[in-house]
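For reference, structure11.cif (mmCIF, C-alpha atoms and all ligand atoms):
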data_run
#
loop_
_atom_site.label_atom_id
_atom_site.label_comp_id
_atom_site.auth_asym_id
_atom_site.auth_seq_id
_atom_site.Cartn_x
_atom_site.Cartn_y
_atom_site.Cartn_z
CA MET A 1 -10.41 34.06 22.67
CA ASN A 2 -10.32 33.19 18.99
CA ASP A 3 -10.38 29.44 19.48
CA ALA A 4 -13.38 29.46 21.79
CA ILE A 5 -16.35 27.25 20.95
CA ARG A 6 -19.28 29.61 20.46
CA VAL A 7 -22.70 28.30 21.51
CA LEU A 8 -25.94 30.12 20.80
CA HIS A 9 -28.31 29.31 23.68
CA LEU A 10 -32.03 29.57 22.94
CA THR A 11 -34.68 28.14 25.19
CA ASP A 12 -38.38 27.66 25.83
CA PRO A 13 -39.80 28.84 22.48
CA HIS A 14 -43.21 27.23 23.25
CA LEU A 15 -44.28 26.98 19.61
CA PHE A 16 -47.73 26.07 18.29
CA ALA A 17 -48.97 24.25 15.20
CA GLY A 18 -50.31 27.54 13.87
CA ALA A 19 -47.97 30.40 13.02
CA ASP A 20 -50.13 32.77 15.07
CA GLY A 21 -50.25 30.67 18.25
CA GLN A 22 -49.99 32.82 21.36
CA LEU A 23 -48.67 32.24 24.86
CA ARG A 24 -50.08 34.88 27.23
CA GLY A 25 -50.52 37.33 24.38
CA THR A 26 -47.19 36.67 22.68
CA VAL A 27 -46.99 35.08 19.22
CA THR A 28 -44.22 32.63 19.99
CA ALA A 29 -43.20 31.82 16.40
CA ALA A 30 -42.80 35.55 15.75
CA THR A 31 -40.64 36.15 18.82
CA LEU A 32 -38.41 33.16 18.02
CA GLN A 33 -38.01 34.52 14.50
CA ARG A 34 -37.17 37.94 15.98
CA VAL A 35 -34.48 36.37 18.16
CA LEU A 36 -33.05 34.45 15.20
CA ASP A 37 -33.02 37.60 13.09
CA HIS A 38 -31.23 39.48 15.85
CA TYR A 39 -28.58 36.76 16.06
CA SER A 40 -28.17 36.63 12.28
CA ALA A 41 -27.78 40.40 12.02
CA GLY A 42 -24.88 40.42 14.48
CA ASP A 43 -21.22 39.70 13.84
CA TRP A 44 -21.02 36.92 16.45
CA GLN A 45 -21.20 33.56 14.67
CA ALA A 46 -21.99 30.42 16.61
CA HIS A 47 -20.47 26.98 16.04
CA ARG A 48 -23.42 25.26 17.69
CA VAL A 49 -26.94 25.99 18.91
CA LEU A 50 -28.36 24.75 22.20
CA VAL A 51 -32.10 24.60 22.87
CA THR A 52 -32.95 23.55 26.42
CA GLY A 53 -36.54 22.40 26.14
CA ASP A 54 -40.16 23.50 25.94
CA LEU A 55 -39.86 23.63 22.17
CA ILE A 56 -43.63 23.46 21.84
CA GLN A 57 -46.76 24.36 23.80
CA ASP A 58 -49.70 22.59 22.16
CA ASP A 59 -48.70 18.89 22.09
CA SER A 60 -48.66 18.85 18.28
CA ALA A 61 -46.24 17.30 15.79
CA GLU A 62 -46.80 20.35 13.58
CA ALA A 63 -45.25 22.62 16.21
CA TYR A 64 -42.04 20.56 16.01
CA ASP A 65 -42.12 20.94 12.23
CA ARG A 66 -42.39 24.68 12.81
CA PHE A 67 -39.38 24.56 15.14
CA ARG A 68 -37.40 22.66 12.51
CA ASP A 69 -38.34 25.07 9.74
CA LEU A 70 -37.43 28.12 11.83
CA MET A 71 -34.06 26.69 12.88
CA LEU A 72 -32.84 25.14 9.60
CA PRO A 73 -31.77 28.45 8.01
CA LEU A 74 -29.11 28.81 10.74
CA ASN A 75 -27.29 25.93 9.05
CA LEU A 76 -25.85 24.84 12.39
CA ARG A 77 -25.95 21.72 14.49
CA VAL A 78 -28.68 22.16 17.11
CA HIS A 79 -28.40 20.32 20.42
CA CYS A 80 -31.83 19.80 21.98
CA VAL A 81 -33.08 18.44 25.29
CA PRO A 82 -36.75 18.02 26.21
CA GLY A 83 -38.68 20.23 28.62
CA ASN A 84 -41.82 19.50 30.60
CA HIS A 85 -43.99 20.87 27.76
CA ASP A 86 -42.35 18.58 25.20
CA ILE A 87 -43.74 15.25 24.07
CA ARG A 88 -40.76 12.98 23.62
CA ASP A 89 -42.43 10.76 20.99
CA LEU A 90 -43.24 13.83 18.87
CA MET A 91 -39.94 15.60 19.52
CA ARG A 92 -37.61 12.74 18.61
CA PRO A 93 -38.62 12.43 14.93
CA VAL A 94 -37.50 16.04 14.39
CA CYS A 95 -34.71 16.36 16.93
CA CYS A 96 -32.96 13.03 16.29
CA ARG A 97 -32.28 13.96 12.66
CA PRO A 98 -29.33 16.11 11.57
CA PRO A 99 -28.71 18.96 11.98
CA PHE A 100 -30.63 18.41 15.21
CA SER A 101 -29.64 16.09 17.99
CA TYR A 102 -31.51 14.91 21.06
CA CYS A 103 -29.86 14.47 24.46
CA ALA A 104 -26.65 13.82 22.55
CA TRP A 105 -23.00 14.30 23.36
CA GLU A 106 -20.40 15.82 21.11
CA GLU A 107 -16.69 16.49 21.48
CA ILE A 108 -15.72 19.81 19.96
CA GLY A 109 -12.34 21.42 20.59
CA ASP A 110 -11.37 20.86 24.21
CA TRP A 111 -14.99 20.49 25.24
CA LEU A 112 -17.62 17.80 25.59
CA ILE A 113 -21.16 19.11 25.18
CA ILE A 114 -23.81 16.74 26.51
CA GLY A 115 -27.57 17.02 26.86
CA ILE A 116 -29.44 15.14 29.57
CA ASP A 117 -33.15 14.46 30.06
CA SER A 118 -34.51 15.95 33.31
CA CYS A 119 -38.22 15.49 32.55
CA VAL A 120 -40.87 13.43 34.30
CA THR A 121 -43.85 12.60 32.09
CA GLY A 122 -46.96 14.42 33.30
CA ASP A 123 -45.07 16.59 35.81
CA ALA A 124 -43.89 20.19 35.43
CA GLY A 125 -41.07 19.49 37.88
CA GLY A 126 -38.06 17.42 36.94
CA ARG A 127 -35.83 14.58 38.06
CA VAL A 128 -32.68 13.22 36.45
CA THR A 129 -32.92 9.45 36.73
CA SER A 130 -30.01 7.41 38.03
CA ALA A 131 -29.77 5.82 34.56
CA GLU A 132 -29.40 9.26 32.99
CA LEU A 133 -26.78 10.26 35.57
CA GLU A 134 -24.88 7.06 34.75
CA ARG A 135 -25.08 7.82 31.03
CA LEU A 136 -23.66 11.28 31.76
CA ALA A 137 -20.86 9.85 33.89
CA GLU A 138 -19.93 7.25 31.28
CA ALA A 139 -19.78 9.88 28.54
CA VAL A 140 -17.60 12.18 30.63
CA ILE A 141 -15.28 9.47 31.92
CA GLY A 142 -14.92 7.99 28.44
CA SER A 143 -14.14 11.30 26.78
CA PRO A 144 -10.70 12.81 26.28
CA ALA A 145 -12.25 16.30 26.40
CA LYS A 146 -10.73 18.52 29.07
CA TYR A 147 -13.95 20.32 29.96
CA VAL A 148 -17.66 19.57 29.93
CA MET A 149 -20.82 21.56 29.33
CA VAL A 150 -23.99 19.86 30.61
CA CYS A 151 -27.34 20.93 29.15
CA LEU A 152 -30.73 20.22 30.69
CA HIS A 153 -34.17 21.77 31.06
CA HIS A 154 -34.69 22.07 34.81
CA PRO A 155 -32.56 24.20 37.15
CA PRO A 156 -30.18 22.20 39.36
CA VAL A 157 -30.34 24.97 42.00
CA PRO A 158 -33.27 26.81 43.65
CA MET A 159 -34.25 30.06 41.96
CA GLY A 160 -35.54 31.85 45.06
CA SER A 161 -39.05 31.93 43.61
CA LYS A 162 -41.51 29.94 45.70
CA TRP A 163 -43.82 28.71 42.94
CA LEU A 164 -40.97 28.03 40.51
CA ASP A 165 -39.01 26.07 43.08
CA THR A 166 -41.97 23.72 43.52
CA VAL A 167 -41.51 22.71 39.85
CA GLY A 168 -37.71 22.59 39.87
CA LEU A 169 -35.40 19.59 39.89
CA VAL A 170 -36.34 17.40 42.85
CA ASN A 171 -32.90 15.80 42.96
CA GLY A 172 -30.95 18.96 42.15
CA ASP A 173 -28.52 18.33 45.01
CA GLU A 174 -27.75 14.86 43.71
CA VAL A 175 -27.24 16.18 40.18
CA LEU A 176 -24.93 18.96 41.40
CA GLU A 177 -22.91 16.52 43.46
CA ARG A 178 -22.51 14.26 40.44
CA LEU A 179 -21.41 17.18 38.28
CA ARG A 180 -18.90 18.20 40.94
CA THR A 181 -17.40 14.73 41.35
CA LEU A 182 -16.97 14.36 37.58
CA GLU A 183 -14.47 17.22 38.02
CA ARG A 184 -14.36 18.39 34.40
CA VAL A 185 -17.84 19.94 34.29
CA ARG A 186 -17.44 23.71 33.94
CA VAL A 187 -20.94 24.75 32.82
CA ALA A 188 -24.52 23.63 33.39
CA ALA A 189 -26.97 25.47 31.12
CA PHE A 190 -30.72 25.20 31.49
CA GLY A 191 -34.09 26.74 30.60
CA HIS A 192 -37.50 26.30 32.27
CA VAL A 193 -37.24 29.37 34.51
CA HIS A 194 -37.84 32.01 31.79
CA GLN A 195 -35.41 34.40 33.48
CA GLU A 196 -31.75 35.23 33.74
CA PHE A 197 -29.49 33.29 36.11
CA ASP A 198 -25.69 33.07 36.30
CA GLU A 199 -23.96 31.83 39.43
CA ASP A 200 -20.96 29.72 40.35
CA TYR A 201 -21.25 26.44 42.23
CA GLU A 202 -17.85 25.07 43.20
CA GLY A 203 -16.28 26.03 39.89
CA ILE A 204 -19.33 25.11 37.79
CA ARG A 205 -21.06 28.02 36.07
CA ILE A 206 -24.82 27.53 36.51
CA ILE A 207 -26.56 29.45 33.74
CA ALA A 208 -30.16 30.04 32.70
CA THR A 209 -31.27 31.98 29.67
CA PRO A 210 -34.67 33.70 29.47
CA SER A 211 -37.20 32.38 26.97
CA THR A 212 -37.48 33.40 23.35
CA CYS A 213 -41.08 34.39 24.27
CA ARG A 214 -42.46 35.47 27.70
CA GLN A 215 -40.47 35.78 30.93
CA PHE A 216 -41.39 34.98 34.53
CA ALA A 217 -41.03 37.62 37.25
CA ARG A 218 -37.87 36.99 39.24
CA GLY A 219 -38.17 36.18 42.93
CA SER A 220 -41.97 35.99 42.84
CA ASP A 221 -43.73 33.81 45.43
CA ASP A 222 -46.68 33.26 43.07
CA PHE A 223 -46.75 32.66 39.34
CA ALA A 224 -46.21 35.96 37.53
CA VAL A 225 -44.91 37.05 34.14
CA ASP A 226 -43.02 40.27 33.58
CA ASP A 227 -42.54 42.59 30.63
CA ASN A 228 -38.98 41.67 29.76
CA PRO A 229 -38.59 41.01 26.03
CA PRO A 230 -37.47 37.78 24.34
CA ALA A 231 -33.82 36.91 24.86
CA TYR A 232 -30.95 34.64 23.94
CA ARG A 233 -27.44 34.04 25.17
CA ARG A 234 -24.01 33.85 23.64
CA ILE A 235 -21.77 31.35 25.40
CA GLU A 236 -18.07 31.03 24.58
CA LEU A 237 -16.35 27.90 25.83
CA ASN A 238 -12.69 28.85 26.12
CA SER A 239 -9.76 26.53 25.69
CA ASP A 240 -8.63 27.15 29.28
CA GLY A 241 -11.94 25.83 30.67
CA SER A 242 -13.35 29.27 31.44
CA ILE A 243 -16.40 30.68 29.73
CA ASP A 244 -17.55 34.07 28.59
CA THR A 245 -21.22 34.74 28.20
CA GLU A 246 -23.48 37.58 27.19
CA LEU A 247 -27.23 37.80 27.50
CA LEU A 248 -29.05 39.71 24.76
CA TRP A 249 -32.58 41.05 25.15
CA VAL A 250 -34.46 41.50 21.89
CA SER A 251 -36.85 44.42 22.12
CA GLU A 252 -39.19 45.26 19.24
FE FE B 1 -40.92 26.96 29.45
#

Now that the file is in, can you turn its structure into C-alpha cells?
Amino acid sequence: MNDAIRVLHLTDPHLFAGADGQLRGTVTAATLQRVLDHYSAGDWQAHRVLVTGDLIQDDSAEAYDRFRDLMLPLNLRVHCVPGNHDIRDLMRPVCCRPPFSYCAWEEIGDWLIIGIDSCVTGDAGGRVTSAELERLAEAVIGSPAKYVMVCLHHPPVPMGSKWLDTVGLVNGDEVLERLRTLERVRVAAFGHVHQEFDEDYEGIRIIATPSTCRQFARGSDDFAVDDNPPAYRRIELNSDGSIDTELLWVSE
C-alpha cells in the first residue's frame, strides 16, 4: 500500500565504546553498519526507525555516542526504548534529543507509535510497571489515531525457550490483556530474544526481530547462540490497520 507508514526495525546492537568491541566474537559496530548499509542499498525507504533496546553492552556513555553516530546518517526519526543492557541515565542524553526519542509516542498517518519501558534495573528479565501501563493507556485513549503500534524490549509472550523465558516479561499476561482491552493495538514489536518471532494474539501481531549482531538458538532449553547472520525488519503499517512485514538477514 502506497500510504503505509514504513518502519525500519533494528534491535539489540550491543555496541561498545571501542569500534572493535566484540560480543561472542562479533564486532557489533561492524555488523550494525553492515545492516545499515544493506538497508540503504535497497529501494525500500523507511519513514521511521525503531530500536527496541540493548543499544550498548559495556555500560559506557561512549557506546551511546557510537550508536548516535552510526544512526545519524539515516536522517530519520529514531524511536528508542531501553533494554536490560542499557543504562537509562547514559541512554537518555543521546536518545532524548532529536532525531532520537526515548519511550515516546508519535501520531503518524492513521497510527500511534508508542515506546514503553519494560526494564527492571539490575535484572535481565522485565516488568512493565502499572505506571507505565497507565501512561500507555492514557496515550492511546487520548489519541485520535485509529491503530497503535507498541514497542518494548521484552517479549510479552513466552518464546518456548526455557532459559530465555526465565528472563522474559514477568507480567506478560497483564501487558497483553491491557493491549487487548485498549482495542486499537495492532502490533507489539520487541527485541531481547535475538531471534525471529511473528504470531497473532487476538488480532495483535506480536513481532520480534533478530539482533543486528549475534542470534540465540531458537527453542533451546539452555543458553545457546546460533550462526544466523545479523538481521533487520521492514514493517509497513497500513491504513486499514493491517501490517506487512519482511525480515531480512544480512550475510557477509
Ligand atoms: Fe540483547

For the contact check between chain A and ligand FE 1 (chain B), emit one row per residue of chain A within 10 Å, containing the shortest atom pair and the distance in Å rounded to one decimal, counting only C-alpha atoms and all ligand atoms, chain then rising number order, as JSON lines.
{"residue": "A:Thr11", "atom": "CA", "partner": "B:FE1", "partner_atom": "FE", "distance": 7.6}
{"residue": "A:Asp12", "atom": "CA", "partner": "B:FE1", "partner_atom": "FE", "distance": 4.5}
{"residue": "A:Pro13", "atom": "CA", "partner": "B:FE1", "partner_atom": "FE", "distance": 7.3}
{"residue": "A:His14", "atom": "CA", "partner": "B:FE1", "partner_atom": "FE", "distance": 6.6}
{"residue": "A:Thr52", "atom": "CA", "partner": "B:FE1", "partner_atom": "FE", "distance": 9.2}
{"residue": "A:Gly53", "atom": "CA", "partner": "B:FE1", "partner_atom": "FE", "distance": 7.1}
{"residue": "A:Asp54", "atom": "CA", "partner": "B:FE1", "partner_atom": "FE", "distance": 5.0}
{"residue": "A:Leu55", "atom": "CA", "partner": "B:FE1", "partner_atom": "FE", "distance": 8.1}
{"residue": "A:Ile56", "atom": "CA", "partner": "B:FE1", "partner_atom": "FE", "distance": 8.8}
{"residue": "A:Gln57", "atom": "CA", "partner": "B:FE1", "partner_atom": "FE", "distance": 8.5}
{"residue": "A:Gly83", "atom": "CA", "partner": "B:FE1", "partner_atom": "FE", "distance": 7.1}
{"residue": "A:Asn84", "atom": "CA", "partner": "B:FE1", "partner_atom": "FE", "distance": 7.6}
{"residue": "A:His85", "atom": "CA", "partner": "B:FE1", "partner_atom": "FE", "distance": 7.0}
{"residue": "A:Asp86", "atom": "CA", "partner": "B:FE1", "partner_atom": "FE", "distance": 9.5}
{"residue": "A:Ala124", "atom": "CA", "partner": "B:FE1", "partner_atom": "FE", "distance": 9.5}
{"residue": "A:His153", "atom": "CA", "partner": "B:FE1", "partner_atom": "FE", "distance": 8.7}
{"residue": "A:His154", "atom": "CA", "partner": "B:FE1", "partner_atom": "FE", "distance": 9.6}
{"residue": "A:Gly191", "atom": "CA", "partner": "B:FE1", "partner_atom": "FE", "distance": 6.9}
{"residue": "A:His192", "atom": "CA", "partner": "B:FE1", "partner_atom": "FE", "distance": 4.5}
{"residue": "A:Val193", "atom": "CA", "partner": "B:FE1", "partner_atom": "FE", "distance": 6.7}
{"residue": "A:His194", "atom": "CA", "partner": "B:FE1", "partner_atom": "FE", "distance": 6.4}
{"residue": "A:Pro210", "atom": "CA", "partner": "B:FE1", "partner_atom": "FE", "distance": 9.2}
{"residue": "A:Ser211", "atom": "CA", "partner": "B:FE1", "partner_atom": "FE", "distance": 7.0}
{"residue": "A:Thr212", "atom": "CA", "partner": "B:FE1", "partner_atom": "FE", "distance": 9.5}
{"residue": "A:Cys213", "atom": "CA", "partner": "B:FE1", "partner_atom": "FE", "distance": 9.1}
{"residue": "A:Arg214", "atom": "CA", "partner": "B:FE1", "partner_atom": "FE", "distance": 8.8}
{"residue": "A:Gln215", "atom": "CA", "partner": "B:FE1", "partner_atom": "FE", "distance": 9.0}
{"residue": "A:Phe216", "atom": "CA", "partner": "B:FE1", "partner_atom": "FE", "distance": 9.5}

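The protein and nucleic acid residues lying at most 8 Å from Trp249 of chain A are Asn228, Pro229, Pro230, Ala231, Tyr232, Leu247 and Ser251 of chain A, with all atoms listed in the file considered and sequence neighbours fewer than 2 positions away removed.
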
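Picture a line from atom CA of Leu36 of chain A to atom CA of Leu72 of chain A; it runs 10.9 Å.
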
Hey, which of A:Asp200, A:Val94, A:Met149, A:Pro156 ends up closest to Gly115 of chain A? Count all atoms listed in the file. A:Met149

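Put simply, atom CA of Gly18 of chain A is 25.3 Å away from atom CA of Cys119 of chain A.
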
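In this model, the gap between atom CA of Glu107 of chain A and atom CA of Met71 of chain A comes to 21.9 Å.
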
For Ala4 of chain A, list every protein, DNA or RNA residue within 12 Å, evaluated using all atoms listed in the file, and leave out those in the same chain fewer than 6 positions away; present the list as an mmCIF file with C-alpha atoms, keeping the file's coordinate frame.
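In the end it all went to out32.cif:
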data_model
loop_
_atom_site.group_PDB
_atom_site.id
_atom_site.type_symbol
_atom_site.label_atom_id
_atom_site.label_comp_id
_atom_site.auth_asym_id
_atom_site.auth_seq_id
_atom_site.Cartn_x
_atom_site.Cartn_y
_atom_site.Cartn_z
ATOM 1 C CA TRP A 44 -21.020 36.920 16.450
ATOM 2 C CA GLN A 45 -21.200 33.560 14.670
ATOM 3 C CA ALA A 46 -21.990 30.420 16.610
ATOM 4 C CA HIS A 47 -20.470 26.980 16.040
ATOM 5 C CA ARG A 48 -23.420 25.260 17.690
ATOM 6 C CA ILE A 108 -15.720 19.810 19.960
ATOM 7 C CA GLY A 109 -12.340 21.420 20.590
ATOM 8 C CA ASP A 110 -11.370 20.860 24.210
ATOM 9 C CA TRP A 111 -14.990 20.490 25.240
ATOM 10 C CA ARG A 234 -24.010 33.850 23.640
ATOM 11 C CA ILE A 235 -21.770 31.350 25.400
ATOM 12 C CA GLU A 236 -18.070 31.030 24.580
ATOM 13 C CA LEU A 237 -16.350 27.900 25.830
ATOM 14 C CA ASN A 238 -12.690 28.850 26.120
ATOM 15 C CA SER A 239 -9.760 26.530 25.690
ATOM 16 C CA ASP A 240 -8.630 27.150 29.280
ATOM 17 C CA GLY A 241 -11.940 25.830 30.670
ATOM 18 C CA SER A 242 -13.350 29.270 31.440
ATOM 19 C CA ILE A 243 -16.400 30.680 29.730
ATOM 20 C CA ASP A 244 -17.550 34.070 28.590
ATOM 21 C CA THR A 245 -21.220 34.740 28.200
#

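When all atoms listed in the file are used to compute distances to Leu169 of chain A, the closest of the residues A:Asp117, A:Asp227, A:Asp221, A:Asp3 turns out to be A:Asp117.
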
With the input short on atoms, add N, CA and C atoms back to segment 145-158 of chain A and write it as a short mmCIF file (atom, residue, chain, number, x, y, z; two decimals), in the coordinates of the input.
data_model
loop_
_atom_site.label_atom_id
_atom_site.label_comp_id
_atom_site.auth_asym_id
_atom_site.auth_seq_id
_atom_site.Cartn_x
_atom_site.Cartn_y
_atom_site.Cartn_z
N ALA A 145 -12.07 14.85 26.30
CA ALA A 145 -12.25 16.30 26.40
C ALA A 145 -11.82 16.80 27.78
N LYS A 146 -11.22 17.98 27.80
CA LYS A 146 -10.73 18.52 29.07
C LYS A 146 -11.86 19.08 29.92
N TYR A 147 -12.89 19.59 29.25
CA TYR A 147 -13.95 20.32 29.96
C TYR A 147 -15.31 19.88 29.43
N VAL A 148 -16.33 20.07 30.27
CA VAL A 148 -17.66 19.57 29.93
C VAL A 148 -18.71 20.65 30.15
N MET A 149 -19.62 20.73 29.19
CA MET A 149 -20.82 21.56 29.33
C MET A 149 -22.02 20.63 29.37
N VAL A 150 -22.80 20.70 30.45
CA VAL A 150 -23.99 19.86 30.61
C VAL A 150 -25.21 20.73 30.33
N CYS A 151 -26.14 20.19 29.56
CA CYS A 151 -27.34 20.93 29.15
C CYS A 151 -28.57 20.16 29.60
N LEU A 152 -29.50 20.86 30.24
CA LEU A 152 -30.73 20.22 30.69
C LEU A 152 -31.83 21.27 30.78
N HIS A 153 -33.06 20.81 31.01
CA HIS A 153 -34.17 21.77 31.06
C HIS A 153 -34.35 22.40 32.44
N HIS A 154 -34.35 21.57 33.47
CA HIS A 154 -34.69 22.07 34.81
C HIS A 154 -33.46 22.62 35.54
N PRO A 155 -33.68 23.59 36.43
CA PRO A 155 -32.56 24.20 37.15
C PRO A 155 -32.03 23.27 38.24
N PRO A 156 -30.72 23.06 38.31
CA PRO A 156 -30.18 22.20 39.36
C PRO A 156 -30.07 22.91 40.71
N VAL A 157 -30.39 24.20 40.75
CA VAL A 157 -30.34 24.97 42.00
C VAL A 157 -31.68 25.69 42.19
N PRO A 158 -32.05 26.03 43.44
CA PRO A 158 -33.27 26.81 43.65
C PRO A 158 -33.12 28.21 43.05
#
